[in-house]
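Okay, structure first, notes after.
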Amino acid sequence: MRYQHIVFDIDGTLVDTEYAVLHSLQKTIHVTTGLHVGTEQLTFSLGIPGEEALQQLGIPDVPYALKIWIQYLQELSHTTCLFDGIEQVVETLRDTGCHLGIVTSQLRSHFESDFGKRPIRRCFETVVCADDTEKHKPDPEPLLHYMAQTGASEDQVLYIGDSNYDMMCAQSAHVDFALAGWGSRGRVNAPCTLQTPADILEKNLP
């Protein structure tokens, strides 16, 4: 295999959460400020930590708003699903001996209450959540933390994500990056773009 470790983002990469993220954020803004904001104005929030998105929106009480947002996200969890083909690809990678990991901007509590309950969770050996590091994407610290936890070297790791923050994190950590084109939906330009999850298998050939 070309890479011994393949590390995934969750939102927009493993799981299609766009509807849930945007509509729960829209509701959070309305409840905390009284403002009505169209979801098309909130797409910047996809792929960045929730706290940072709320700060960019000028929400006055970010910790309270983040708590509310997570509650609304959980209420909309029925609208989220794994992207087509992801589960089969992940299981194939695991069965071929590849080490699988997750580096996500989700808080650990949100991760455990949602992705942590999905059967696919068992395929991932190491998970780095937003509250596991002091700094977050686009800073390299989350990926550096993953490598410290697993003993992986830079050349052994491929990080797959759907946002500019994911790409910048990988570049700063000096690991290879591949854009999940099925989740980014044309919002990000990257040197390496995977069109379908099955392309991950081709990417990992020697």
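Just remember, in the structure tokens the first chain shown is A, the second B, etc., residues are 1-based per chain, and ligands are 1-based in the order shown.
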Practice task
Please provide the set of residues having any atom within 10 Å of Phe124 in chain A, restricted to only C-alpha atoms, with same-chain residues fewer than 5 positions apart removed, written as a PyMOL selection string.
Solution key: chain A and resi 6-8+90-91+94+99-102
Keeping only C-alpha atoms, write the selected residues to a file as an mmCIF file, in the first residue's frame.
data_model
loop_
_atom_site.group_PDB
_atom_site.id
_atom_site.type_symbol
_atom_site.label_atom_id
_atom_site.label_comp_id
_atom_site.auth_asym_id
_atom_site.auth_seq_id
_atom_site.Cartn_x
_atom_site.Cartn_y
_atom_site.Cartn_z
ATOM 1 C CA ILE A 6 -5.610 6.978 5.916
ATOM 2 C CA VAL A 7 -7.254 9.636 8.049
ATOM 3 C CA PHE A 8 -10.701 11.067 7.376
ATOM 4 C CA VAL A 90 -13.530 1.870 4.530
ATOM 5 C CA GLU A 91 -14.103 -1.832 5.190
ATOM 6 C CA ARG A 94 -9.366 -2.022 6.973
ATOM 7 C CA HIS A 99 -4.707 1.896 9.739
ATOM 8 C CA LEU A 100 -7.782 4.139 9.679
ATOM 9 C CA GLY A 101 -8.232 7.318 11.673
ATOM 10 C CA ILE A 102 -10.449 10.359 12.060
#
List as JSON lines every residue of range 47-107 of chain A that is in contact with range 159-170 of chain A, defined as an atom at most 10 Å from one of its atoms (using only C-alpha atoms), together with the nearest atom pair and the distance in Å rounded to one decimal, sorted by chain and then rising number.
{"residue": "A:Gly47", "atom": "CA", "partner": "A:Ser163", "partner_atom": "CA", "distance": 5.4}
{"residue": "A:Ile48", "atom": "CA", "partner": "A:Tyr165", "partner_atom": "CA", "distance": 6.7}
{"residue": "A:Pro49", "atom": "CA", "partner": "A:Tyr165", "partner_atom": "CA", "distance": 9.6}
{"residue": "A:Gly101", "atom": "CA", "partner": "A:Tyr159", "partner_atom": "CA", "distance": 9.1}
{"residue": "A:Ile102", "atom": "CA", "partner": "A:Tyr159", "partner_atom": "CA", "distance": 8.9}
{"residue": "A:Val103", "atom": "CA", "partner": "A:Tyr159", "partner_atom": "CA", "distance": 8.6}
{"residue": "A:Thr104", "atom": "CA", "partner": "A:Asp166", "partner_atom": "CA", "distance": 9.1}
{"residue": "A:Ser105", "atom": "CA", "partner": "A:Asp166", "partner_atom": "CA", "distance": 9.7}
Got time to write the residues from that selection, C-alpha atoms, as a PDB file, in the first residue's frame?
ATOM      1  CA  GLY A  47     -15.715  22.256   7.506  1.00  0.00           C
ATOM      2  CA  ILE A  48     -14.689  24.703  10.231  1.00  0.00           C
ATOM      3  CA  PRO A  49     -15.057  24.375  14.017  1.00  0.00           C
ATOM      4  CA  GLY A 101      -8.232   7.318  11.673  1.00  0.00           C
ATOM      5  CA  ILE A 102     -10.449  10.359  12.060  1.00  0.00           C
ATOM      6  CA  VAL A 103      -9.480  13.991  12.593  1.00  0.00           C
ATOM      7  CA  THR A 104     -12.629  16.074  13.002  1.00  0.00           C
ATOM      8  CA  SER A 105     -13.703  19.509  14.180  1.00  0.00           C
TER       9      SER A 105
END
Problem - Straight-line distance linking CA of Leu158 in chain A with CA of Ala173 in chain A, stated in Å to one decimal - result: 10.9 Å
Who sits within 12 Å of Leu42 in chain A, only C-alpha atoms, same chain under 4 positions skipped, as an mmCIF file with C-alpha atoms, in the first residue's frame:
data_model
loop_
_atom_site.group_PDB
_atom_site.id
_atom_site.type_symbol
_atom_site.label_atom_id
_atom_site.label_comp_id
_atom_site.auth_asym_id
_atom_site.auth_seq_id
_atom_site.Cartn_x
_atom_site.Cartn_y
_atom_site.Cartn_z
ATOM 1 C CA GLU A 18 -24.786 19.579 4.992
ATOM 2 C CA TYR A 19 -28.552 19.887 5.480
ATOM 3 C CA ALA A 20 -28.327 19.246 9.211
ATOM 4 C CA VAL A 21 -25.414 21.622 9.777
ATOM 5 C CA LEU A 22 -26.876 24.523 7.824
ATOM 6 C CA HIS A 23 -30.444 24.253 9.104
ATOM 7 C CA SER A 24 -29.434 23.719 12.728
ATOM 8 C CA LEU A 25 -27.117 26.743 12.501
ATOM 9 C CA GLN A 26 -29.899 28.786 10.911
ATOM 10 C CA LYS A 27 -32.209 27.897 13.821
ATOM 11 C CA THR A 28 -29.485 28.636 16.363
ATOM 12 C CA ILE A 29 -28.964 32.115 14.936
ATOM 13 C CA HIS A 36 -33.355 35.149 9.914
ATOM 14 C CA VAL A 37 -30.339 34.152 7.807
ATOM 15 C CA GLY A 38 -30.603 32.107 4.619
ATOM 16 C CA LEU A 46 -19.028 23.796 6.513
ATOM 17 C CA GLY A 47 -15.715 22.256 7.506
ATOM 18 C CA ILE A 48 -14.689 24.703 10.231
ATOM 19 C CA GLY A 50 -18.489 25.373 15.258
ATOM 20 C CA ALA A 53 -18.343 29.790 12.765
ATOM 21 C CA LEU A 54 -20.340 31.347 15.596
ATOM 22 C CA GLN A 56 -17.518 34.877 12.597
ATOM 23 C CA LEU A 57 -21.268 35.411 12.785
#
Handout entry: For CA of Leu194 in chain A and CA of Phe115 in chain A, the interatomic separation in Å (one decimal)
Key = 22.5 Å
Exercise for the section: For Pro142 in chain A, list every protein, DNA or RNA residue within 7 Å, evaluated using only C-alpha atoms, and leave out those in the same chain fewer than 3 positions away; present the list as number ranges by chain. Expected result: A: 103, 128, 133, 136-137, 145-146
